[in-house]
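The data block below is start26.pdb; it holds PDB, C-alpha atoms and all ligand atoms.
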ATOM      1  CA  VAL N 153       0.000   0.000   0.000  1.00  0.00           C
ATOM      2  CA  ASP N 154       1.291   3.464  -0.885  1.00  0.00           C
ATOM      3  CA  CYS N 155       0.409   5.097   2.425  1.00  0.00           C
ATOM      4  CA  ILE N 156       2.278   7.960   4.115  1.00  0.00           C
ATOM      5  CA  PHE N 157       1.370   6.847   7.626  1.00  0.00           C
ATOM      6  CA  CYS N 158       2.522   3.273   6.901  1.00  0.00           C
ATOM      7  CA  LYS N 159       5.834   4.804   5.782  1.00  0.00           C
ATOM      8  CA  ILE N 160       6.067   6.828   8.992  1.00  0.00           C
ATOM      9  CA  ALA N 161       5.190   3.720  11.008  1.00  0.00           C
ATOM     10  CA  ALA N 162       7.891   1.770   9.147  1.00  0.00           C
ATOM     11  CA  GLY N 163      10.415   4.553   9.742  1.00  0.00           C
ATOM     12  CA  THR N 164      10.986   5.288   6.049  1.00  0.00           C
ATOM     13  CA  LEU N 165       9.349   8.743   6.285  1.00  0.00           C
ATOM     14  CA  PRO N 166      10.349  11.055   9.154  1.00  0.00           C
ATOM     15  CA  ALA N 167       7.938  12.409  11.740  1.00  0.00           C
ATOM     16  CA  ARG N 168       8.042  13.921  15.214  1.00  0.00           C
ATOM     17  CA  GLU N 169       7.088  10.946  17.326  1.00  0.00           C
ATOM     18  CA  PHE N 170       5.421  11.378  20.719  1.00  0.00           C
ATOM     19  CA  TYR N 171       4.718   7.727  21.444  1.00  0.00           C
ATOM     20  CA  ARG N 172       5.444   4.373  19.857  1.00  0.00           C
ATOM     21  CA  ASP N 173       4.924   0.742  20.733  1.00  0.00           C
ATOM     22  CA  ASP N 174       4.333  -2.380  18.656  1.00  0.00           C
ATOM     23  CA  GLU N 175       0.711  -1.468  17.975  1.00  0.00           C
ATOM     24  CA  LEU N 176       0.358   2.299  18.299  1.00  0.00           C
ATOM     25  CA  LEU N 177       2.098   5.448  17.124  1.00  0.00           C
ATOM     26  CA  ALA N 178       1.544   9.125  17.986  1.00  0.00           C
ATOM     27  CA  ILE N 179       3.094  11.869  15.847  1.00  0.00           C
ATOM     28  CA  ALA N 180       2.851  15.635  15.528  1.00  0.00           C
ATOM     29  CA  ASP N 181       0.556  16.790  12.708  1.00  0.00           C
ATOM     30  CA  ILE N 182       2.602  18.455   9.961  1.00  0.00           C
ATOM     31  CA  ASP N 183      -0.015  21.234   9.638  1.00  0.00           C
ATOM     32  CA  PRO N 184      -1.072  21.832  13.246  1.00  0.00           C
ATOM     33  CA  GLN N 185      -4.525  23.319  13.890  1.00  0.00           C
ATOM     34  CA  ALA N 186      -3.823  23.929  17.590  1.00  0.00           C
ATOM     35  CA  PRO N 187      -0.657  24.439  19.681  1.00  0.00           C
ATOM     36  CA  LEU N 188      -0.841  20.707  20.399  1.00  0.00           C
ATOM     37  CA  HIS N 189      -2.013  18.648  17.418  1.00  0.00           C
ATOM     38  CA  LEU N 190      -1.134  14.969  17.507  1.00  0.00           C
ATOM     39  CA  LEU N 191      -2.197  12.061  15.315  1.00  0.00           C
ATOM     40  CA  VAL N 192      -2.620   8.755  17.127  1.00  0.00           C
ATOM     41  CA  MET N 193      -2.800   5.696  14.897  1.00  0.00           C
ATOM     42  CA  PRO N 194      -2.519   1.938  14.848  1.00  0.00           C
ATOM     43  CA  VAL N 195       0.766   0.815  13.287  1.00  0.00           C
ATOM     44  CA  LYS N 196      -1.236  -1.698  11.236  1.00  0.00           C
ATOM     45  CA  HIS N 197      -3.049  -0.181   8.277  1.00  0.00           C
ATOM     46  CA  TYR N 198      -6.792   0.290   8.655  1.00  0.00           C
ATOM     47  CA  ALA N 199      -8.323   2.686   6.145  1.00  0.00           C
ATOM     48  CA  ASN N 200     -10.784   4.108   8.662  1.00  0.00           C
ATOM     49  CA  ILE N 201     -12.568   3.447  11.939  1.00  0.00           C
ATOM     50  CA  VAL N 202     -15.208   1.262  10.270  1.00  0.00           C
ATOM     51  CA  GLU N 203     -12.469  -1.148   9.109  1.00  0.00           C
ATOM     52  CA  LEU N 204     -11.021  -1.353  12.612  1.00  0.00           C
ATOM     53  CA  ILE N 205     -14.385  -2.084  14.181  1.00  0.00           C
ATOM     54  CA  ASP N 206     -15.364  -4.541  11.445  1.00  0.00           C
ATOM     55  CA  ALA N 207     -12.060  -6.367  12.036  1.00  0.00           C
ATOM     56  CA  GLY N 208     -13.190  -7.014  15.605  1.00  0.00           C
ATOM     57  CA  GLU N 209     -10.124  -5.265  17.003  1.00  0.00           C
ATOM     58  CA  SER N 210     -11.826  -4.124  20.191  1.00  0.00           C
ATOM     59  CA  ALA N 211      -8.741  -4.424  22.413  1.00  0.00           C
ATOM     60  CA  LEU N 212      -6.678  -2.370  19.978  1.00  0.00           C
ATOM     61  CA  ALA N 213      -9.515   0.144  19.648  1.00  0.00           C
ATOM     62  CA  ALA N 214      -9.609   0.541  23.426  1.00  0.00           C
ATOM     63  CA  ARG N 215      -5.835   0.997  23.713  1.00  0.00           C
ATOM     64  CA  TRP N 216      -5.893   3.499  20.832  1.00  0.00           C
ATOM     65  CA  LEU N 217      -8.619   5.590  22.445  1.00  0.00           C
ATOM     66  CA  ALA N 218      -6.927   5.390  25.847  1.00  0.00           C
ATOM     67  CA  LEU N 219      -3.606   6.617  24.449  1.00  0.00           C
ATOM     68  CA  ALA N 220      -5.246   9.536  22.642  1.00  0.00           C
ATOM     69  CA  SER N 221      -7.173  10.477  25.780  1.00  0.00           C
ATOM     70  CA  LYS N 222      -4.030  10.303  27.915  1.00  0.00           C
ATOM     71  CA  LEU N 223      -2.042  12.475  25.502  1.00  0.00           C
ATOM     72  CA  GLY N 224      -4.910  14.957  25.279  1.00  0.00           C
ATOM     73  CA  ALA N 225      -5.317  15.134  29.052  1.00  0.00           C
ATOM     74  CA  GLU N 226      -1.587  15.648  29.523  1.00  0.00           C
ATOM     75  CA  GLY N 227      -1.276  18.235  26.754  1.00  0.00           C
ATOM     76  CA  GLY N 228      -4.514  19.963  27.691  1.00  0.00           C
ATOM     77  CA  GLY N 229      -3.216  20.546  31.189  1.00  0.00           C
ATOM     78  CA  GLY N 230      -6.668  20.309  32.738  1.00  0.00           C
ATOM     79  CA  ALA N 231      -8.181  22.853  30.352  1.00  0.00           C
ATOM     80  CA  GLY N 232      -9.559  20.178  28.037  1.00  0.00           C
ATOM     81  CA  PHE N 233      -8.895  18.839  24.585  1.00  0.00           C
ATOM     82  CA  ARG N 234     -10.663  17.376  21.559  1.00  0.00           C
ATOM     83  CA  LEU N 235     -10.441  13.977  19.845  1.00  0.00           C
ATOM     84  CA  VAL N 236     -11.561  13.768  16.208  1.00  0.00           C
ATOM     85  CA  VAL N 237     -11.771  10.904  13.709  1.00  0.00           C
ATOM     86  CA  ASN N 238     -12.517  12.246  10.251  1.00  0.00           C
ATOM     87  CA  THR N 239     -14.027   9.492   8.116  1.00  0.00           C
ATOM     88  CA  GLY N 240     -14.640   9.452   4.375  1.00  0.00           C
ATOM     89  CA  ALA N 241     -15.345  12.313   1.997  1.00  0.00           C
ATOM     90  CA  ASN N 242     -17.992  14.093   4.043  1.00  0.00           C
ATOM     91  CA  GLY N 243     -15.949  13.535   7.187  1.00  0.00           C
ATOM     92  CA  GLY N 244     -13.034  15.400   5.644  1.00  0.00           C
ATOM     93  CA  GLN N 245     -10.619  12.463   5.748  1.00  0.00           C
ATOM     94  CA  THR N 246      -7.521  13.129   3.622  1.00  0.00           C
ATOM     95  CA  VAL N 247      -5.203  10.295   4.705  1.00  0.00           C
ATOM     96  CA  ASP N 248      -6.721   6.824   4.447  1.00  0.00           C
ATOM     97  CA  HIS N 249      -4.821   5.344   7.395  1.00  0.00           C
ATOM     98  CA  LEU N 250      -6.913   5.474  10.542  1.00  0.00           C
ATOM     99  CA  HIS N 251      -5.859   8.208  12.959  1.00  0.00           C
ATOM    100  CA  LEU N 252      -7.262  10.152  15.880  1.00  0.00           C
ATOM    101  CA  HIS N 253      -6.581  13.877  15.966  1.00  0.00           C
ATOM    102  CA  VAL N 254      -5.701  15.140  19.450  1.00  0.00           C
ATOM    103  CA  LEU N 255      -6.198  18.915  19.641  1.00  0.00           C
ATOM    104  CA  ALA N 256      -5.319  20.904  22.747  1.00  0.00           C
ATOM    105  CA  GLU N 257      -3.875  24.090  24.219  1.00  0.00           C
ATOM    106  CA  ARG N 258      -6.422  26.503  22.760  1.00  0.00           C
ATOM    107  CA  ALA N 259     -10.184  26.984  22.939  1.00  0.00           C
ATOM    108  CA  LEU N 260     -11.725  25.218  19.928  1.00  0.00           C
ATOM    109  CA  GLY N 261     -14.831  26.359  18.092  1.00  0.00           C
ATOM    110  CA  TRP N 262     -18.008  24.354  17.646  1.00  0.00           C
ATOM    111  CA  PRO N 263     -19.776  23.370  15.439  1.00  0.00           C
ATOM    112  CA  PRO N 264     -17.136  22.277  12.890  1.00  0.00           C
ATOM    113  CA  GLY N 265     -17.208  23.769   9.393  1.00  0.00           C
TER     114      GLY N 265
HETATM  115  P1  LIG I   1      -7.437  13.793   7.948  1.00  0.00           P
HETATM  116  O1  LIG I   1      -7.699  14.949   7.035  1.00  0.00           O
HETATM  117  O2  LIG I   1      -8.351  13.673   9.107  1.00  0.00           O
HETATM  118  O3  LIG I   1      -7.300  12.511   7.157  1.00  0.00           O
HETATM  119  O4  LIG I   1      -6.027  14.083   8.642  1.00  0.00           O
HETATM  120  C1  LIG I   1      -4.809  13.918   7.982  1.00  0.00           C
HETATM  121  C2  LIG I   1      -3.818  14.754   8.715  1.00  0.00           C
HETATM  122  O5  LIG I   1      -2.514  14.288   8.396  1.00  0.00           O
HETATM  123  C3  LIG I   1      -3.854  16.241   8.367  1.00  0.00           C
HETATM  124  O6  LIG I   1      -4.120  17.004   9.541  1.00  0.00           O
HETATM  125  C4  LIG I   1      -2.456  16.513   7.809  1.00  0.00           C
HETATM  126  O7  LIG I   1      -1.948  17.772   8.195  1.00  0.00           O
HETATM  127  C5  LIG I   1      -1.646  15.387   8.397  1.00  0.00           C
HETATM  128  N1  LIG I   1      -0.466  14.968   7.662  1.00  0.00           N
HETATM  129  C6  LIG I   1      -0.364  14.765   6.328  1.00  0.00           C
HETATM  130  N2  LIG I   1       0.865  14.352   6.010  1.00  0.00           N
HETATM  131  C7  LIG I   1       1.558  14.281   7.174  1.00  0.00           C
HETATM  132  C8  LIG I   1       2.899  13.925   7.514  1.00  0.00           C
HETATM  133  N3  LIG I   1       3.782  13.527   6.568  1.00  0.00           N
HETATM  134  N4  LIG I   1       3.259  13.994   8.812  1.00  0.00           N
HETATM  135  C9  LIG I   1       2.381  14.392   9.759  1.00  0.00           C
HETATM  136  N5  LIG I   1       1.110  14.726   9.503  1.00  0.00           N
HETATM  137  C10 LIG I   1       0.705  14.680   8.230  1.00  0.00           C
HETATM  138 ZN    ZN I   2      -1.243   2.934   6.108  1.00  0.00          ZN
END

Before anything else, please render the file you have as structure tokens.
Ligand code: AMP
Ligand code: ZN
Amino acid sequence: VDCIFCKIAAGTLPAREFYRDDELLAIADIDPQAPLHLLVMPVKHYANIVELIDAGESALAARWLALASKLGAEGGGGAGFRLVVNTGANGGQTVDHLHLHVLAERALGWPPG
């Protein structure tokens, strides 16, 4: 698969890594939309959250969400944070390797555009 996040996970494309284990990777977004903007993803390629859930990967899904929440809570410093999973065309997904956006360190608007 020609996938930029698979390349980052494999170490063949550089990124600012915040966390890595055998299953999960957290990197800084290259075009940050908040002072803290991380992308938390499974190392294994899933195109989107529907694929992960359909694969029955509930333990991985739980670890993934827990890591994103932990990083958001730490970075948000008690002032809060936001987790986002853009999915498909209407969801605004631009990279088809599942990732959670962790946004923190500023007040975020709602509703989204
Ligand atoms: P989405 O639009 O939800 O699929 O999110 C994709 C995100 O990946 C965007 O916020 C991009 O800024 C980010 N991105 C694209 N290429 C890279 C890269 N090489 N390293 C880090 N983040 C990237
Ligand atoms: Zn991938």

Ref. answer, residues at most 6 Å from (-7.4, 4.3, 9.9) with only C-alpha atoms, as an NGL selection string: :N and (198-201 or 249-251)

Residues within 8 Å of Leu191 in chain N, only C-alpha atoms, excluding chain neighbours under 4 positions, as a list of chain:residue names: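 With the cut-off at 8 Å, the set is N:Ala178, N:Ile179, N:Ala180, N:Asp181, N:His251, N:Leu252, N:His253, N:Val254.
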
Picked residues, the PyMOL selection byres (((not hetatm)) within 8 of (chain I and resi 2)), as a PyMOL selection string: chain N and resi 153-159+195-199+248-250

6 Å shell around ligand LIG 1 (chain I) using all atoms listed in the file, listed as a list in words: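 Sorted by chain and then by number, the residues are Ala167, Ala180, Asp181, Ile182, Asp183, Asn238, Gly244, Gln245, Thr246 and Val247 of chain N.
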
Output C-alpha atoms for every residue in the selection just made, as a compact mmCIF listing (two decimals), in the coordinates of the input.
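Wrote selection21.txt, looks like this:
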# COMPACT_ATOMS: atom_id res chain seq x y z
CA ALA N 167 7.94 12.41 11.74
CA ALA N 180 2.85 15.64 15.53
CA ASP N 181 0.56 16.79 12.71
CA ILE N 182 2.60 18.45 9.96
CA ASP N 183 -0.02 21.23 9.64
CA ASN N 238 -12.52 12.25 10.25
CA GLY N 244 -13.03 15.40 5.64
CA GLN N 245 -10.62 12.46 5.75
CA THR N 246 -7.52 13.13 3.62
CA VAL N 247 -5.20 10.30 4.70

Nearest to Ala214 in chain N, chosen from N:Gly243, N:Pro194, N:Pro264, N:Pro187, with only C-alpha atoms counted in the distances: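 Of N:Gly243, N:Pro194, N:Pro264, N:Pro187, the one nearest Ala214 in chain N is N:Pro194, counting only C-alpha atoms.
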
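Computed from the coordinates, the CA of Ile205 in chain N to CA of Ala162 in chain N distance equals 23.2 Å.
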
Since I can't run it myself right now, could you work out what the PyMOL selection byres (((chain N and resi 255) around 10) and not hetatm) selects here and report it as a PDB file with C-alpha atoms, in the frame of the given file?
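Output below, filename result-v9.pdb:
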ATOM      1  CA  ASP N 181       0.556  16.790  12.708  1.00  0.00           C
ATOM      2  CA  PRO N 184      -1.072  21.832  13.246  1.00  0.00           C
ATOM      3  CA  GLN N 185      -4.525  23.319  13.890  1.00  0.00           C
ATOM      4  CA  ALA N 186      -3.823  23.929  17.590  1.00  0.00           C
ATOM      5  CA  PRO N 187      -0.657  24.439  19.681  1.00  0.00           C
ATOM      6  CA  LEU N 188      -0.841  20.707  20.399  1.00  0.00           C
ATOM      7  CA  HIS N 189      -2.013  18.648  17.418  1.00  0.00           C
ATOM      8  CA  LEU N 190      -1.134  14.969  17.507  1.00  0.00           C
ATOM      9  CA  LEU N 191      -2.197  12.061  15.315  1.00  0.00           C
ATOM     10  CA  ALA N 220      -5.246   9.536  22.642  1.00  0.00           C
ATOM     11  CA  LEU N 223      -2.042  12.475  25.502  1.00  0.00           C
ATOM     12  CA  GLY N 224      -4.910  14.957  25.279  1.00  0.00           C
ATOM     13  CA  GLY N 227      -1.276  18.235  26.754  1.00  0.00           C
ATOM     14  CA  GLY N 228      -4.514  19.963  27.691  1.00  0.00           C
ATOM     15  CA  GLY N 232      -9.559  20.178  28.037  1.00  0.00           C
ATOM     16  CA  PHE N 233      -8.895  18.839  24.585  1.00  0.00           C
ATOM     17  CA  ARG N 234     -10.663  17.376  21.559  1.00  0.00           C
ATOM     18  CA  LEU N 235     -10.441  13.977  19.845  1.00  0.00           C
ATOM     19  CA  VAL N 236     -11.561  13.768  16.208  1.00  0.00           C
ATOM     20  CA  LEU N 252      -7.262  10.152  15.880  1.00  0.00           C
ATOM     21  CA  HIS N 253      -6.581  13.877  15.966  1.00  0.00           C
ATOM     22  CA  VAL N 254      -5.701  15.140  19.450  1.00  0.00           C
ATOM     23  CA  ALA N 256      -5.319  20.904  22.747  1.00  0.00           C
ATOM     24  CA  GLU N 257      -3.875  24.090  24.219  1.00  0.00           C
ATOM     25  CA  ARG N 258      -6.422  26.503  22.760  1.00  0.00           C
ATOM     26  CA  ALA N 259     -10.184  26.984  22.939  1.00  0.00           C
ATOM     27  CA  LEU N 260     -11.725  25.218  19.928  1.00  0.00           C
TER      28      LEU N 260
END

Atom-to-atom span, CA of Ala241 in chain N and CA of Glu203 in chain N, Å: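 Result for CA of Ala241 in chain N versus CA of Glu203 in chain N: 15.5 Å, one decimal.
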
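Across N:Glu226, N:Ala213, N:Trp262, N:Ala207, the tightest approach to Glu175 in chain N is made by N:Ala213 when counting all atoms listed in the file.
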
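Using all atoms listed in the file, the nearest neighbour of Gly240 in chain N within the list N:Pro263, N:Gly208, N:Val202, N:Val192 is N:Val202.
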
Atom-to-atom span, CA of Ser210 in chain N and CA of Ala231 in chain N, Å: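 We find that CA of Ser210 in chain N and CA of Ala231 in chain N lie 29.1 Å from each other.
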
Give me the box for range 154-173 of chain N as lines of an AutoDock Vina configuration file, namely the centre and edge lengths in Å to one decimal of a box along x, y and z that holds every listed atom plus 3 Å on each side.
center_x = 5.7
center_y = 7.3
center_z = 10.3
size_x = 16.6
size_y = 19.2
size_z = 28.3

Atom completion result for range 231-250 of chain N (N, CA, C and O atoms) as a PDB file, in the frame of the given file:
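Result file follows (out_15.pdb):
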ATOM      1  N   ALA N 231      -7.284  21.908  31.014  1.00  0.00           N
ATOM      2  CA  ALA N 231      -8.181  22.853  30.352  1.00  0.00           C
ATOM      3  C   ALA N 231      -8.987  22.191  29.241  1.00  0.00           C
ATOM      4  O   ALA N 231      -9.788  22.848  28.573  1.00  0.00           O
ATOM      5  N   GLY N 232      -8.770  20.914  29.015  1.00  0.00           N
ATOM      6  CA  GLY N 232      -9.559  20.178  28.037  1.00  0.00           C
ATOM      7  C   GLY N 232      -8.851  19.986  26.712  1.00  0.00           C
ATOM      8  O   GLY N 232      -7.768  20.534  26.464  1.00  0.00           O
ATOM      9  N   PHE N 233      -9.475  19.207  25.874  1.00  0.00           N
ATOM     10  CA  PHE N 233      -8.895  18.839  24.585  1.00  0.00           C
ATOM     11  C   PHE N 233     -10.002  18.279  23.713  1.00  0.00           C
ATOM     12  O   PHE N 233     -11.148  18.138  24.170  1.00  0.00           O
ATOM     13  N   ARG N 234      -9.676  17.975  22.464  1.00  0.00           N
ATOM     14  CA  ARG N 234     -10.663  17.376  21.559  1.00  0.00           C
ATOM     15  C   ARG N 234     -10.048  16.205  20.811  1.00  0.00           C
ATOM     16  O   ARG N 234      -8.903  16.292  20.348  1.00  0.00           O
ATOM     17  N   LEU N 235     -10.812  15.125  20.669  1.00  0.00           N
ATOM     18  CA  LEU N 235     -10.441  13.977  19.845  1.00  0.00           C
ATOM     19  C   LEU N 235     -11.363  13.942  18.639  1.00  0.00           C
ATOM     20  O   LEU N 235     -12.579  14.072  18.798  1.00  0.00           O
ATOM     21  N   VAL N 236     -10.787  13.753  17.451  1.00  0.00           N
ATOM     22  CA  VAL N 236     -11.561  13.768  16.208  1.00  0.00           C
ATOM     23  C   VAL N 236     -11.104  12.609  15.321  1.00  0.00           C
ATOM     24  O   VAL N 236      -9.891  12.381  15.173  1.00  0.00           O
ATOM     25  N   VAL N 237     -12.069  11.917  14.728  1.00  0.00           N
ATOM     26  CA  VAL N 237     -11.771  10.904  13.709  1.00  0.00           C
ATOM     27  C   VAL N 237     -12.539  11.252  12.448  1.00  0.00           C
ATOM     28  O   VAL N 237     -13.726  10.926  12.318  1.00  0.00           O
ATOM     29  N   ASN N 238     -11.889  11.944  11.536  1.00  0.00           N
ATOM     30  CA  ASN N 238     -12.517  12.246  10.251  1.00  0.00           C
ATOM     31  C   ASN N 238     -12.624  10.961   9.446  1.00  0.00           C
ATOM     32  O   ASN N 238     -11.669  10.184   9.370  1.00  0.00           O
ATOM     33  N   THR N 239     -13.794  10.754   8.829  1.00  0.00           N
ATOM     34  CA  THR N 239     -14.027   9.492   8.116  1.00  0.00           C
ATOM     35  C   THR N 239     -14.716   9.756   6.785  1.00  0.00           C
ATOM     36  O   THR N 239     -15.812  10.340   6.754  1.00  0.00           O
ATOM     37  N   GLY N 240     -14.055   9.353   5.709  1.00  0.00           N
ATOM     38  CA  GLY N 240     -14.640   9.452   4.375  1.00  0.00           C
ATOM     39  C   GLY N 240     -14.693  10.884   3.852  1.00  0.00           C
ATOM     40  O   GLY N 240     -14.182  11.820   4.470  1.00  0.00           O
ATOM     41  N   ALA N 241     -15.322  11.022   2.699  1.00  0.00           N
ATOM     42  CA  ALA N 241     -15.345  12.313   1.997  1.00  0.00           C
ATOM     43  C   ALA N 241     -16.059  13.378   2.813  1.00  0.00           C
ATOM     44  O   ALA N 241     -15.522  14.462   3.054  1.00  0.00           O
ATOM     45  N   ASN N 242     -17.261  13.085   3.269  1.00  0.00           N
ATOM     46  CA  ASN N 242     -17.992  14.093   4.043  1.00  0.00           C
ATOM     47  C   ASN N 242     -17.360  14.339   5.404  1.00  0.00           C
ATOM     48  O   ASN N 242     -17.523  15.422   5.985  1.00  0.00           O
ATOM     49  N   GLY N 243     -16.644  13.365   5.911  1.00  0.00           N
ATOM     50  CA  GLY N 243     -15.949  13.535   7.187  1.00  0.00           C
ATOM     51  C   GLY N 243     -14.667  14.336   7.073  1.00  0.00           C
ATOM     52  O   GLY N 243     -14.059  14.665   8.089  1.00  0.00           O
ATOM     53  N   GLY N 244     -14.242  14.605   5.844  1.00  0.00           N
ATOM     54  CA  GLY N 244     -13.034  15.400   5.644  1.00  0.00           C
ATOM     55  C   GLY N 244     -11.747  14.615   5.786  1.00  0.00           C
ATOM     56  O   GLY N 244     -10.682  15.188   6.014  1.00  0.00           O
ATOM     57  N   GLN N 245     -11.826  13.291   5.631  1.00  0.00           N
ATOM     58  CA  GLN N 245     -10.619  12.463   5.748  1.00  0.00           C
ATOM     59  C   GLN N 245      -9.742  12.639   4.517  1.00  0.00           C
ATOM     60  O   GLN N 245     -10.222  12.532   3.386  1.00  0.00           O
ATOM     61  N   THR N 246      -8.452  12.937   4.749  1.00  0.00           N
ATOM     62  CA  THR N 246      -7.521  13.129   3.622  1.00  0.00           C
ATOM     63  C   THR N 246      -6.422  12.082   3.585  1.00  0.00           C
ATOM     64  O   THR N 246      -5.776  11.922   2.551  1.00  0.00           O
ATOM     65  N   VAL N 247      -6.181  11.386   4.685  1.00  0.00           N
ATOM     66  CA  VAL N 247      -5.203  10.295   4.705  1.00  0.00           C
ATOM     67  C   VAL N 247      -5.935   9.020   5.116  1.00  0.00           C
ATOM     68  O   VAL N 247      -6.495   8.941   6.211  1.00  0.00           O
ATOM     69  N   ASP N 248      -5.925   8.034   4.220  1.00  0.00           N
ATOM     70  CA  ASP N 248      -6.721   6.824   4.447  1.00  0.00           C
ATOM     71  C   ASP N 248      -5.955   5.782   5.252  1.00  0.00           C
ATOM     72  O   ASP N 248      -5.848   4.614   4.847  1.00  0.00           O
ATOM     73  N   HIS N 249      -5.389   6.239   6.364  1.00  0.00           N
ATOM     74  CA  HIS N 249      -4.821   5.344   7.395  1.00  0.00           C
ATOM     75  C   HIS N 249      -5.377   5.880   8.705  1.00  0.00           C
ATOM     76  O   HIS N 249      -5.088   7.024   9.080  1.00  0.00           O
ATOM     77  N   LEU N 250      -6.185   5.055   9.339  1.00  0.00           N
ATOM     78  CA  LEU N 250      -6.913   5.474  10.542  1.00  0.00           C
ATOM     79  C   LEU N 250      -6.051   6.256  11.522  1.00  0.00           C
ATOM     80  O   LEU N 250      -4.953   5.820  11.876  1.00  0.00           O
TER      81      LEU N 250
END
